[in-house]
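What follows is the content of protein.cif (mmCIF, C-alpha atoms).
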data_target
loop_
_atom_site.label_atom_id
_atom_site.label_comp_id
_atom_site.auth_asym_id
_atom_site.auth_seq_id
_atom_site.Cartn_x
_atom_site.Cartn_y
_atom_site.Cartn_z
CA MET A 1 38.75 11.12 -10.64
CA THR A 2 37.11 11.53 -14.03
CA THR A 3 35.69 8.38 -15.57
CA SER A 4 34.53 7.64 -19.09
CA GLY A 5 30.95 7.92 -17.79
CA ASP A 6 31.68 11.46 -16.61
CA HIS A 7 33.00 12.26 -20.06
CA ASP A 8 29.82 10.97 -21.70
CA LEU A 9 27.53 13.02 -19.50
CA ARG A 10 29.56 16.17 -19.87
CA GLY A 11 29.93 15.74 -23.56
CA ALA A 12 26.19 15.43 -23.96
CA ALA A 13 25.57 18.51 -21.84
CA GLY A 14 28.26 20.68 -23.36
CA SER A 15 31.75 21.61 -22.15
CA LEU A 16 32.17 23.55 -18.95
CA PRO A 17 34.91 26.14 -18.36
CA PRO A 18 37.54 25.33 -15.73
CA ALA A 19 36.65 26.80 -12.35
CA ALA A 20 39.85 28.87 -12.32
CA THR A 21 38.74 30.83 -15.39
CA VAL A 22 35.33 31.73 -13.96
CA ALA A 23 35.40 35.22 -12.50
CA SER A 24 32.17 35.20 -10.56
CA PRO A 25 31.98 33.27 -7.25
CA LEU A 26 28.37 32.51 -8.11
CA ARG A 27 29.40 30.91 -11.38
CA ARG A 28 32.12 28.93 -9.61
CA ARG A 29 29.52 27.56 -7.22
CA ALA A 30 27.28 26.71 -10.18
CA VAL A 31 30.15 24.81 -11.82
CA ARG A 32 30.83 22.89 -8.60
CA ALA A 33 27.10 22.10 -8.26
CA TRP A 34 27.00 20.81 -11.84
CA GLN A 35 30.11 18.73 -11.19
CA GLY A 36 28.48 17.28 -8.09
CA LEU A 37 25.31 16.44 -10.01
CA LEU A 38 27.31 14.64 -12.69
CA ASP A 39 29.20 12.72 -10.01
CA TRP A 40 25.89 11.75 -8.38
CA PHE A 41 24.51 10.34 -11.63
CA GLU A 42 27.75 8.52 -12.30
CA GLU A 43 28.08 6.98 -8.86
CA THR A 44 24.44 5.88 -8.63
CA SER A 45 24.92 4.14 -11.99
CA GLN A 46 27.76 1.98 -10.69
CA PRO A 47 27.08 -1.51 -9.27
CA ASN A 48 27.59 -1.78 -5.52
CA PRO A 49 30.44 -4.25 -4.82
CA ALA A 50 28.87 -5.08 -1.44
CA VAL A 51 25.92 -6.86 -3.10
CA ARG A 52 25.81 -10.62 -2.44
CA PRO A 53 23.47 -13.38 -3.67
CA VAL A 54 20.33 -14.03 -1.62
CA THR A 55 19.89 -17.36 0.10
CA ALA A 56 16.64 -19.11 0.98
CA ARG A 57 17.72 -19.02 4.63
CA ALA A 58 17.93 -15.22 4.53
CA VAL A 59 14.42 -14.98 3.08
CA ARG A 60 13.08 -17.30 5.79
CA ALA A 61 14.66 -15.07 8.41
CA VAL A 62 12.90 -12.05 6.88
CA VAL A 63 9.59 -13.90 7.05
CA GLY A 64 10.26 -14.45 10.75
CA VAL A 65 10.94 -10.74 11.25
CA TRP A 66 7.71 -9.91 9.43
CA ALA A 67 5.70 -12.28 11.66
CA LEU A 68 7.29 -10.87 14.81
CA GLY A 69 6.63 -7.33 13.63
CA ARG A 70 2.95 -8.02 13.05
CA GLY A 71 2.73 -9.63 16.48
CA VAL A 72 4.12 -6.46 18.06
CA ASN A 73 1.66 -4.39 16.00
CA PHE A 74 -1.36 -6.39 17.16
CA MET A 75 -0.17 -6.31 20.77
CA LEU A 76 0.22 -2.53 20.79
CA MET A 77 -3.09 -2.02 19.04
CA PHE A 78 -4.85 -4.25 21.57
CA VAL A 79 -3.28 -2.42 24.51
CA MET A 80 -4.39 0.93 23.08
CA TYR A 81 -7.85 -0.47 22.36
CA GLU A 82 -8.20 -1.57 25.97
CA LEU A 83 -7.07 1.84 27.21
CA ALA A 84 -9.49 3.62 24.87
CA HIS A 85 -12.29 1.31 25.97
CA ALA A 86 -11.49 1.70 29.67
CA PHE A 87 -11.23 5.48 29.63
CA GLY A 88 -14.00 6.11 27.11
CA TRP A 89 -11.77 7.93 24.64
CA ALA A 90 -13.45 9.25 21.52
CA PHE A 91 -12.36 7.33 18.45
CA GLY A 92 -12.85 7.46 14.70
CA PRO A 93 -13.89 10.29 12.38
CA ASN A 94 -17.22 10.67 14.20
CA ALA A 95 -15.57 10.82 17.66
CA GLN A 96 -17.54 7.83 18.98
CA ARG A 97 -16.39 5.46 21.69
CA VAL A 98 -14.72 2.24 20.61
CA THR A 99 -16.95 -0.80 20.47
CA THR A 100 -15.10 -3.94 19.35
CA PHE A 101 -11.46 -4.63 18.58
CA LEU A 102 -12.45 -5.44 14.99
CA GLN A 103 -14.02 -2.01 14.64
CA PHE A 104 -10.89 -0.48 16.20
CA LEU A 105 -8.77 -2.06 13.43
CA SER A 106 -11.08 -1.13 10.56
CA ASP A 107 -12.12 2.46 11.25
CA TRP A 108 -10.86 5.82 9.93
CA ASP A 109 -9.99 5.35 6.24
CA GLY A 110 -10.67 1.63 6.66
CA ALA A 111 -14.36 2.44 7.08
CA ARG A 112 -14.27 4.44 3.85
CA TYR A 113 -12.71 1.51 1.99
CA GLY A 114 -15.43 -0.67 3.44
CA ARG A 115 -18.15 1.71 2.26
CA VAL A 116 -16.68 1.79 -1.25
CA SER A 117 -16.60 -2.02 -1.23
CA GLN A 118 -20.29 -2.11 -0.37
CA ILE A 119 -21.86 0.75 -2.35
CA GLY A 120 -19.18 2.10 -4.70
CA TYR A 121 -18.40 5.75 -5.34
CA PRO A 122 -20.86 8.67 -5.25
CA THR A 123 -22.00 9.88 -8.66
CA GLN A 124 -22.27 13.42 -7.30
CA LEU A 125 -19.72 15.12 -5.08
CA PRO A 126 -21.17 16.01 -1.66
CA LEU A 127 -21.25 19.74 -0.92
CA ASP A 128 -21.49 21.82 2.21
CA ALA A 129 -23.99 24.64 2.76
CA TYR A 130 -21.73 27.04 0.83
CA GLY A 131 -21.39 24.78 -2.21
CA ALA A 132 -17.82 23.62 -1.45
CA VAL A 133 -16.83 19.98 -1.91
CA VAL A 134 -16.48 18.10 1.39
CA PRO A 135 -14.31 15.00 2.08
CA ASN A 136 -15.67 11.98 0.23
CA ASP A 137 -14.76 8.51 -0.98
CA TRP A 138 -13.28 9.57 -4.33
CA ALA A 139 -10.03 10.10 -2.42
CA PHE A 140 -9.71 6.30 -2.03
CA LEU A 141 -8.62 4.24 -5.01
CA PRO A 142 -10.57 1.12 -5.97
CA VAL A 143 -8.28 -1.95 -5.93
CA PHE A 144 -8.32 -2.51 -2.16
CA PRO A 145 -12.11 -2.13 -1.66
CA TRP A 146 -12.79 -4.23 -4.75
CA LEU A 147 -10.68 -7.01 -3.27
CA GLU A 148 -12.60 -6.66 -0.02
CA ARG A 149 -15.89 -6.99 -1.89
CA ILE A 150 -14.85 -9.91 -4.11
CA ILE A 151 -13.37 -11.98 -1.28
CA SER A 152 -16.16 -11.14 1.14
CA ASP A 153 -18.86 -12.11 -1.39
CA ALA A 154 -17.03 -15.34 -2.26
CA THR A 155 -16.39 -16.45 1.33
CA GLY A 156 -19.06 -14.77 3.42
CA ILE A 157 -16.35 -13.28 5.65
CA PRO A 158 -17.11 -9.70 6.81
CA TRP A 159 -15.29 -7.03 4.83
CA GLN A 160 -13.54 -5.82 7.98
CA ILE A 161 -11.77 -9.14 8.48
CA VAL A 162 -11.03 -9.39 4.77
CA GLY A 163 -9.46 -5.92 4.71
CA ILE A 164 -7.27 -6.58 7.74
CA SER A 165 -6.21 -9.96 6.33
CA ILE A 166 -5.24 -8.42 2.98
CA ALA A 167 -3.20 -5.78 4.77
CA VAL A 168 -1.36 -8.31 6.95
CA LEU A 169 -0.60 -10.74 4.12
CA ALA A 170 0.42 -7.97 1.72
CA SER A 171 2.79 -6.61 4.36
CA GLY A 172 4.54 -10.00 4.27
CA GLY A 173 4.96 -9.72 0.52
CA ALA A 174 6.13 -6.11 0.90
CA THR A 175 8.74 -7.09 3.51
CA ILE A 176 10.16 -9.84 1.31
CA MET A 177 10.17 -7.61 -1.78
CA LEU A 178 11.86 -4.80 0.13
CA PHE A 179 14.55 -7.20 1.32
CA LEU A 180 15.12 -8.56 -2.19
CA LEU A 181 15.23 -5.02 -3.58
CA LEU A 182 17.79 -3.88 -1.02
CA ARG A 183 19.85 -7.05 -1.44
CA ALA A 184 20.06 -6.19 -5.15
CA VAL A 185 21.55 -2.75 -4.46
CA THR A 186 23.38 -2.80 -1.11
CA SER A 187 25.13 -4.99 1.45
CA PRO A 188 23.42 -7.90 3.23
CA THR A 189 23.67 -6.07 6.57
CA ALA A 190 22.08 -2.86 5.30
CA ALA A 191 19.37 -4.84 3.50
CA TRP A 192 18.58 -6.91 6.60
CA TRP A 193 18.27 -3.89 8.84
CA GLY A 194 16.19 -2.09 6.24
CA ALA A 195 13.69 -4.97 6.46
CA VAL A 196 13.87 -4.99 10.28
CA LEU A 197 13.20 -1.27 10.59
CA PHE A 198 10.38 -1.57 8.07
CA SER A 199 8.77 -4.32 10.18
CA PHE A 200 9.04 -2.45 13.49
CA GLY A 201 8.95 1.17 12.30
CA PRO A 202 6.68 3.85 13.76
CA MET A 203 4.02 3.48 11.06
CA SER A 204 4.18 -0.32 10.76
CA PHE A 205 0.93 -0.59 12.75
CA ILE A 206 -0.78 0.40 9.48
CA PHE A 207 -0.02 -3.14 8.30
CA VAL A 208 -2.60 -4.65 10.69
CA VAL A 209 -5.51 -2.31 9.93
CA GLY A 210 -7.84 -2.17 6.94
CA TYR A 211 -5.67 0.18 4.89
CA ALA A 212 -4.24 -0.22 1.38
CA GLU A 213 -0.66 0.83 2.25
CA SER A 214 0.88 -2.62 2.53
CA LEU A 215 -0.65 -3.80 -0.75
CA TYR A 216 0.66 -0.70 -2.52
CA LEU A 217 4.12 -1.13 -1.01
CA PHE A 218 4.26 -4.76 -2.12
CA LEU A 219 3.49 -3.72 -5.69
CA LEU A 220 5.86 -0.73 -5.57
CA PHE A 221 8.84 -2.71 -4.25
CA ALA A 222 8.23 -5.44 -6.83
CA ALA A 223 8.19 -2.81 -9.59
CA MET A 224 11.39 -1.24 -8.27
CA LEU A 225 13.12 -4.62 -8.17
CA LEU A 226 12.14 -5.23 -11.80
CA ALA A 227 13.51 -1.78 -12.68
CA VAL A 228 16.83 -2.64 -10.98
CA LYS A 229 16.97 -5.85 -13.03
CA ARG A 230 16.00 -3.84 -16.17
CA ARG A 231 12.91 -5.91 -16.91
CA TYR A 232 10.93 -2.84 -17.74
CA LEU A 233 7.89 -4.21 -19.55
CA TRP A 234 7.13 -6.52 -16.63
CA ILE A 235 6.60 -3.40 -14.54
CA ILE A 236 3.52 -2.34 -16.51
CA PRO A 237 0.91 -4.79 -15.10
CA ILE A 238 2.23 -4.32 -11.56
CA GLY A 239 2.37 -0.55 -11.97
CA LEU A 240 -1.16 -0.40 -13.35
CA VAL A 241 -2.57 -2.22 -10.33
CA ALA A 242 -0.49 -0.03 -8.01
CA SER A 243 -1.75 3.14 -9.69
CA TYR A 244 -5.33 2.24 -8.63
CA THR A 245 -4.32 1.11 -5.14
CA ARG A 246 -2.71 4.23 -3.64
CA PRO A 247 -1.61 7.59 -5.06
CA GLY A 248 2.09 7.85 -5.84
CA ILE A 249 2.83 6.00 -9.07
CA LEU A 250 3.63 9.34 -10.75
CA ALA A 251 6.73 9.58 -8.56
CA PHE A 252 7.86 6.17 -9.77
CA ALA A 253 7.25 7.24 -13.38
CA LEU A 254 9.39 10.33 -12.73
CA GLY A 255 12.16 8.11 -11.38
CA LEU A 256 11.99 5.94 -14.50
CA GLY A 257 12.27 9.09 -16.61
CA ILE A 258 15.47 10.07 -14.83
CA VAL A 259 16.80 6.54 -15.27
CA PHE A 260 16.00 6.77 -19.00
CA VAL A 261 17.88 10.05 -19.43
CA THR A 262 20.87 8.78 -17.46
CA ARG A 263 21.10 5.53 -19.38
CA TRP A 264 20.85 7.43 -22.66
CA PHE A 265 23.79 9.69 -21.84
CA ARG A 266 25.83 6.76 -20.50
CA ARG A 267 25.03 4.39 -23.34
CA LYS A 268 28.68 4.27 -24.50
CA VAL A 269 29.89 2.89 -21.17
CA ASP A 270 26.66 1.09 -20.23
CA PRO A 271 24.93 -0.26 -23.35
CA PHE A 272 21.30 0.77 -23.74
CA PRO A 273 19.93 -1.69 -26.32
CA PRO A 274 16.88 -0.61 -28.35
CA SER A 275 14.67 -3.21 -26.68
CA GLN A 276 15.36 -1.73 -23.23
CA LEU A 277 15.15 1.83 -24.52
CA VAL A 278 11.71 1.30 -26.03
CA SER A 279 10.39 -0.78 -23.13
CA LEU A 280 11.57 1.77 -20.54
CA MET A 281 9.99 4.63 -22.49
CA ILE A 282 6.69 2.79 -22.91
CA THR A 283 6.60 1.78 -19.25
CA GLY A 284 7.24 5.31 -18.02
CA LEU A 285 4.56 6.79 -20.26
CA VAL A 286 1.98 4.12 -19.39
CA LEU A 287 2.50 4.60 -15.66
CA ALA A 288 2.38 8.38 -15.97
CA GLY A 289 -0.94 8.10 -17.80
CA ALA A 290 -2.27 5.63 -15.24
CA GLY A 291 -1.25 7.95 -12.41
CA LEU A 292 -3.31 10.76 -13.92
CA SER A 293 -6.27 8.65 -15.02
CA TRP A 294 -8.13 8.47 -11.68
CA SER A 295 -8.66 12.21 -11.86
CA TRP A 296 -10.15 11.84 -15.33
CA ILE A 297 -12.39 8.99 -14.17
CA ALA A 298 -13.67 11.03 -11.22
CA ASP A 299 -14.42 13.94 -13.56
CA ALA A 300 -16.33 11.69 -15.96
CA VAL A 301 -18.41 9.87 -13.33
CA THR A 302 -19.34 12.92 -11.25
CA GLY A 303 -19.58 15.41 -14.09
CA THR A 304 -17.52 17.83 -12.00
CA PRO A 305 -14.26 19.24 -13.39
CA HIS A 306 -11.28 18.57 -11.12
CA ALA A 307 -13.41 16.32 -8.92
CA TYR A 308 -10.46 14.39 -7.50
CA LEU A 309 -8.42 17.51 -6.81
CA LEU A 310 -11.38 19.18 -5.09
CA THR A 311 -11.89 16.04 -3.02
CA GLU A 312 -8.26 15.84 -1.90
CA THR A 313 -8.02 19.52 -1.01
CA SER A 314 -11.28 19.37 0.95
CA TRP A 315 -9.27 17.72 3.75
CA TRP A 316 -7.06 20.82 3.87
CA VAL A 317 -9.82 23.24 4.87
CA PRO A 318 -9.55 22.70 8.67
CA PHE A 319 -5.84 23.49 8.44
CA VAL A 320 -5.45 26.27 5.87
CA GLY A 321 -9.00 27.22 4.92
CA GLU A 322 -10.43 27.49 1.42
CA GLY A 323 -8.12 28.29 -1.45
CA HIS A 324 -7.00 27.26 -4.91
CA PHE A 325 -4.42 24.53 -5.32
CA ALA A 326 -1.05 25.49 -6.81
CA PRO A 327 1.75 22.91 -7.13
CA PHE A 328 4.76 23.29 -4.82
CA THR A 329 2.92 25.67 -2.50
CA PRO A 330 1.09 23.47 0.10
CA TRP A 331 4.05 23.15 2.49
CA PHE A 332 4.71 26.89 2.41
CA ARG A 333 1.00 27.57 2.78
CA MET A 334 0.76 25.36 5.85
CA ALA A 335 3.89 26.85 7.37
CA TRP A 336 2.76 30.42 6.76
CA THR A 337 -0.70 29.73 8.23
CA PHE A 338 0.64 28.50 11.57
CA THR A 339 4.09 30.04 12.04
CA GLY A 340 4.49 32.81 9.46
CA ILE A 341 7.92 33.59 8.06
CA ILE A 342 9.67 31.32 10.55
CA GLY A 343 7.74 28.34 9.17
CA VAL A 344 8.60 29.30 5.60
CA VAL A 345 12.30 29.41 6.52
CA LEU A 346 11.99 25.99 8.19
CA VAL A 347 10.38 24.53 5.06
CA ALA A 348 13.23 25.92 2.96
CA ALA A 349 15.73 24.40 5.41
CA LEU A 350 13.89 21.07 5.21
CA ILE A 351 14.12 21.12 1.42
CA ALA A 352 17.85 21.82 1.63
CA ALA A 353 18.33 18.98 4.13
CA PHE A 354 16.39 16.60 1.90
CA LEU A 355 18.56 17.44 -1.10
CA LEU A 356 21.75 17.03 0.93
CA TRP A 357 20.52 13.62 2.05
CA ILE A 358 19.51 12.49 -1.45
CA PHE A 359 22.86 13.56 -2.86
CA SER A 360 24.86 12.03 0.00
CA ARG A 361 27.22 9.16 -0.75
CA PRO A 362 25.32 6.45 1.20
CA VAL A 363 22.19 7.21 -0.85
CA ARG A 364 24.21 7.12 -4.05
CA ARG A 365 25.32 3.61 -3.13
CA LEU A 366 21.68 2.46 -3.20
CA GLY A 367 21.78 2.78 -6.98
CA MET A 368 20.00 4.78 -9.64
CA VAL A 369 16.53 3.27 -9.25
CA VAL A 370 16.25 3.69 -5.47
CA ALA A 371 17.96 7.10 -5.39
CA THR A 372 15.91 8.60 -8.22
CA TYR A 373 12.69 7.20 -6.81
CA GLY A 374 13.52 8.71 -3.42
CA PHE A 375 14.11 12.05 -5.13
CA GLY A 376 10.96 11.75 -7.27
CA TYR A 377 8.72 10.80 -4.36
CA GLY A 378 10.08 13.62 -2.23
CA VAL A 379 9.32 16.09 -5.03
CA TYR A 380 5.86 14.54 -5.43
CA LEU A 381 5.01 14.94 -1.73
CA PHE A 382 6.26 18.51 -1.70
CA ALA A 383 4.38 19.38 -4.88
CA VAL A 384 0.90 18.09 -4.08
CA PHE A 385 0.42 17.19 -0.40
CA LEU A 386 -0.29 19.32 2.65
CA PRO A 387 2.02 18.32 5.55
CA GLN A 388 -0.67 17.36 8.05
CA GLN A 389 -0.67 14.33 10.37
CA SER A 390 -1.04 11.86 7.48
CA ILE A 391 2.37 12.88 6.13
CA PHE A 392 3.97 10.23 8.36
CA ARG A 393 1.94 7.52 6.65
CA LEU A 394 2.63 9.04 3.26
CA LEU A 395 6.37 8.65 3.86
CA LEU A 396 6.09 4.84 3.84
CA PRO A 397 6.80 4.54 0.08
CA MET A 398 10.26 5.98 0.80
CA THR A 399 11.07 2.88 2.85
CA PRO A 400 13.81 1.65 0.46
CA MET A 401 15.87 4.56 1.75
CA LEU A 402 16.17 2.55 5.00
CA GLY A 403 18.96 0.81 3.14
CA ASP A 404 21.07 3.87 3.98
CA GLU A 405 24.10 2.25 5.59
CA ARG A 406 24.36 5.00 8.21
CA LEU A 407 21.41 3.40 10.03
CA SER A 408 23.14 0.04 10.47
CA SER A 409 26.89 0.45 10.01
CA THR A 410 27.68 -0.13 13.71
CA ARG A 411 26.09 -2.09 16.54
CA ARG A 412 25.34 1.12 18.40
CA ARG A 413 23.55 2.64 15.41
CA ARG A 414 21.52 -0.51 14.92
CA ILE A 415 20.37 -0.48 18.55
CA ILE A 416 19.50 3.22 18.41
CA SER A 417 17.58 2.76 15.14
CA LEU A 418 15.57 -0.18 16.47
CA VAL A 419 14.77 1.46 19.82
CA ALA A 420 13.73 4.66 18.04
CA ALA A 421 11.48 2.61 15.72
CA LEU A 422 9.74 0.84 18.61
CA VAL A 423 9.29 3.98 20.71
CA GLY A 424 8.05 5.79 17.62
CA GLN A 425 5.53 3.02 17.00
CA VAL A 426 4.10 3.31 20.52
CA LEU A 427 3.69 7.06 20.08
CA ALA A 428 2.23 6.65 16.58
CA VAL A 429 -0.38 4.11 17.70
CA LEU A 430 -1.38 6.44 20.53
CA LEU A 431 -1.27 9.80 18.75
CA LEU A 432 -2.03 8.88 15.13
CA TRP A 433 -4.67 6.22 15.68
CA THR A 434 -6.14 6.04 19.18
CA ILE A 435 -6.50 9.62 20.43
CA GLY A 436 -5.49 11.41 17.24
CA PHE A 437 -6.25 10.66 13.63
CA PRO A 438 -3.99 9.14 10.96
#

Target format structure tokens, applied to this file:
Amino acid sequence: MTTSGDHDLRGAAGSLPPAATVASPLRRRAVRAWQGLLDWFEETSQPNPAVRPVTARAVRAVVGVWALGRGVNFMLMFVMYELAHAFGWAFGPNAQRVTTFLQFLSDWDGARYGRVSQIGYPTQLPLDAYGAVVPNDWAFLPVFPWLERIISDATGIPWQIVGISIAVLASGGATIMLFLLLRAVTSPTAAWWGAVLFSFGPMSFIFVVGYAESLYLFLLFAAMLLAVKRRYLWIIPIGLVASYTRPGILAFALGLGIVFVTRWFRRKVDPFPPSQLVSLMITGLVLAGAGLSWSWIADAVTGTPHAYLLTETSWWVPFVGEGHFAPFTPWFRMAWTFTGIIGVVLVAALIAAFLLWIFSRPVRRLGMVVATYGFGYGVYLFAVFLPQQSIFRLLLPMTPMLGDERLSSTRRRRIISLVAALVGQVLAVLLLWTIGFP
């Protein structure tokens, strides 16, 4: 059925010939694809009738789920620590044996955050014997280690405990914000199970180690909730802090750009007052600039052009060797290195599956902000990241997509989703923390 919103979008883009008059099958498919895209924009712009007001009781229940989730995380981490200690497993980037449980929870990237909190960033990029940049602390943004330093200096508490405490507390804020975000765009059941799966998911153990993920997710979900409520200028301070906490704010800025274009073309059926137009434009531009600024800062401090890019790609060398970075090629490069043409075909199939998922009806029902962010973050990961073991952790910002009703529409699906999350967490703690690397 054609709505007035469809008419606005098509009118802005130009008229399309009826499919019956198009001779070429290829052109007919193009017309159908365009029609589907317009329908996607239109449906994601509609309010979800399943949305209900949030009660204080529901929020308290989410806090309980968060606390239980962190308890499960600590329990699994302690079990794996005991196993690593008993069997003398190598642990950490230097392959040393575990010493204390506190060290077990604050190693890997946590140790790098701790070093930044104590001595700051290097003014010269470290090089190997051949003059190539090697992994260094410029890959880690400053908000989390600065908080570690400030709180540790003020209280005398070791930075390890401070870092873990920030991660745990911020995960509570992230869980509540995720729940409020999903309650603003989908049904109470889907929102509840989104929060549950977030709390017990495979990578939720990251919320009890000295990593910045939970702090970034708290800020991101808060910004997304403000975008849903169209309070765009309030996003700026939150987005600025987020942009120096973890990489990824550029994907959010891209999502805001898509929201801007959609609201502009639908302004006759969904008013787009000048105050919101200007504030959305300013917010998107500010966050885009902030997302790029760390690279400029690294260049200025080290005196090395492309210092941040060289630092990030230095982690790729063990997987794909030396080489120049080109956007939208890392996944194909990784696939070709290990599996040749078969891997390239699999990457193409993965891209197709992702697009089918993003354009599916349950994702449309999550609304414009969540759907466009999911699309933008997927494009961002594909454009700039190599799909190594850390890709599982890098998928955490896509958590709002757990509101997909297909995960919780029946009792059987809810049980399967929860069991899969818990089993996945056991495997992740073992393979991506204890005997592997995250």

Which polymer residues, whether protein, DNA or RNA, lie within 6 Å of the coordinate (-11.4, -1.5, 3.1) when you count all atoms listed in the file? List them as an NGL selection string, using the chain letters and numbers from the file. :A and (110 or 113-114 or 145 or 163 or 210)

Create the file for the chosen residues now, containing C-alpha atoms and written as a PDB file, in the coordinates of the input.
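For reference, again23.pdb as written:
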ATOM      1  CA  GLY A 110     -10.670   1.630   6.660  1.00  0.00           C
ATOM      2  CA  TYR A 113     -12.710   1.510   1.990  1.00  0.00           C
ATOM      3  CA  GLY A 114     -15.430  -0.670   3.440  1.00  0.00           C
ATOM      4  CA  PRO A 145     -12.110  -2.130  -1.660  1.00  0.00           C
ATOM      5  CA  GLY A 163      -9.460  -5.920   4.710  1.00  0.00           C
ATOM      6  CA  GLY A 210      -7.840  -2.170   6.940  1.00  0.00           C
TER       7      GLY A 210
END

By how many Å are CA of Trp331 (chain A) and CA of Val384 (chain A) apart?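 Separation of CA of Trp331 (chain A) and CA of Val384 (chain A): 8.9 Å.
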
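CA of Gln389 (chain A) lies 23.9 Å from CA of Gly194 (chain A).
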
Chain and number of each residue from the PyMOL selection byres ((chain A and resi 418-425) around 8), as a list in words: Leu197, Phe200, Gly201, Pro202, Met203, Ser204, Phe205, Arg414, Ile415, Ile416, Ser417, Val426, Leu427, Ala428 and Val429 of chain A

Generate a file of the selected residues that holds C-alpha atoms, formatted as a CSV table (one decimal), keeping the file's coordinate frame.
chain,number,residue,atom,x,y,z
A,197,LEU,CA,13.2,-1.3,10.6
A,200,PHE,CA,9.0,-2.4,13.5
A,201,GLY,CA,9.0,1.2,12.3
A,202,PRO,CA,6.7,3.8,13.8
A,203,MET,CA,4.0,3.5,11.1
A,204,SER,CA,4.2,-0.3,10.8
A,205,PHE,CA,0.9,-0.6,12.8
A,414,ARG,CA,21.5,-0.5,14.9
A,415,ILE,CA,20.4,-0.5,18.6
A,416,ILE,CA,19.5,3.2,18.4
A,417,SER,CA,17.6,2.8,15.1
A,426,VAL,CA,4.1,3.3,20.5
A,427,LEU,CA,3.7,7.1,20.1
A,428,ALA,CA,2.2,6.6,16.6
A,429,VAL,CA,-0.4,4.1,17.7

Quick check on the file I pasted: which residues fall under the PyMOL selection byres ((chain A and resi 239-244) around 12)? Write them as an NGL selection string. :A and (138-147 or 212-224 or 226-227 or 232-238 or 245-253 or 256 or 283-295 or 297 or 397)

Could you pull the residues within 8 Å of Trp193 (chain A), counting only C-alpha atoms, minus those fewer than 5 positions along the same chain, as a CSV table (one decimal) with C-alpha atoms, in the frame of the given file?
chain,number,residue,atom,x,y,z
A,402,LEU,CA,16.2,2.6,5.0
A,403,GLY,CA,19.0,0.8,3.1
A,408,SER,CA,23.1,0.0,10.5
A,414,ARG,CA,21.5,-0.5,14.9

Pick out the closest residue to Ser171 (chain A) from this set: A:His306, A:Arg406, A:Arg393, A:Arg70. Count only C-alpha atoms.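 Distance minimum relative to Ser171 (chain A) lands on A:Arg70.
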
Using all atoms listed in the file, can you tell me which of A:Ala184, A:Leu169, A:Ala190, A:Leu102 comes closest to Thr410 (chain A)?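 Nearest candidate to Thr410 (chain A) out of A:Ala184, A:Leu169, A:Ala190, A:Leu102: A:Ala190.
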
Can you tell me, as a ChimeraX atom specification, which residues sit within 6 Å of (25.2, 10.6, -5.6) in the file's frame, using all atoms listed in the file? /A:40,43-44,359-361,364

Rank A:Ser314, A:Thr372, A:Thr337, A:Ser199 by their smallest atom-to-atom distance to Gly173 (chain A), using only C-alpha atoms, and report the top residue only.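 Under the stated criterion, the closest residue is A:Ser199.
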
Measure the distance from CA of Val209 (chain A) to CA of Val196 (chain A) in Å and round it to one decimal.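 Computed distance, CA of Val209 (chain A) to CA of Val196 (chain A), equals 19.6 Å.
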
Find, counting all atoms listed in the file, the residue in A:Leu432, A:Ile206, A:Val228, A:Met368 that gets nearest to Thr262 (chain A). A:Met368

Neighbours of region 81-87 of chain A within 12 Å (all atoms listed in the file; same-chain residues fewer than 5 positions away dropped), as a ChimeraX atom specification? /A:74-76,92,95-105,429-431,433-436

Taking all atoms listed in the file into account, name the residue in A:Ala50, A:Pro135, A:Gly120, A:Ala298 that is nearest to Arg183 (chain A). A:Ala50

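Matched in the shown structure by the PyMOL selection byres ((chain A and resi 46) around 12): Thr3, Gly5, Asp6, Asp39, Trp40, Phe41, Glu42, Glu43, Thr44, Ser45, Pro47, Asn48, Pro49, Ala50, Val51, Val185, Thr186, Val228, Thr262, Arg263, Arg266, Val269, Asp270, Arg364, Arg365, Leu366, Gly367, Met368 and Val369 of chain A.
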
As lines of an AutoDock Vina configuration file: centre and edge lengths in Å, one decimal, of the axis-aligned box holding region 29-33 of chain A with 3 Å per side:
center_x = 29.0
center_y = 24.8
center_z = -9.5
size_x = 9.7
size_y = 11.5
size_z = 10.6

Of the candidates A:Val54, A:Met334, A:Val317, A:Val301, which one gets nearest to Leu181 (chain A) if we count only C-alpha atoms?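 Closest candidate: A:Val54.
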
Kindly output region 299-304 of chain A as an mmCIF file, in the frame of the given file, after building N, CA and C atoms.
data_model
loop_
_atom_site.group_PDB
_atom_site.id
_atom_site.type_symbol
_atom_site.label_atom_id
_atom_site.label_comp_id
_atom_site.auth_asym_id
_atom_site.auth_seq_id
_atom_site.Cartn_x
_atom_site.Cartn_y
_atom_site.Cartn_z
ATOM 1 N N ASP A 299 -13.753 12.873 -12.807
ATOM 2 C CA ASP A 299 -14.420 13.940 -13.560
ATOM 3 C C ASP A 299 -15.580 13.383 -14.378
ATOM 4 N N ALA A 300 -15.324 12.257 -15.062
ATOM 5 C CA ALA A 300 -16.330 11.690 -15.960
ATOM 6 C C ALA A 300 -17.543 11.167 -15.196
ATOM 7 N N VAL A 301 -17.301 10.484 -14.067
ATOM 8 C CA VAL A 301 -18.410 9.870 -13.330
ATOM 9 C C VAL A 301 -19.245 10.930 -12.623
ATOM 10 N N THR A 302 -18.599 11.920 -12.022
ATOM 11 C CA THR A 302 -19.340 12.920 -11.250
ATOM 12 C C THR A 302 -19.821 14.095 -12.090
ATOM 13 N N GLY A 303 -19.233 14.260 -13.275
ATOM 14 C CA GLY A 303 -19.580 15.410 -14.090
ATOM 15 C C GLY A 303 -19.047 16.717 -13.542
ATOM 16 N N THR A 304 -18.091 16.636 -12.625
ATOM 17 C CA THR A 304 -17.520 17.830 -12.000
ATOM 18 C C THR A 304 -16.057 17.965 -12.410
#
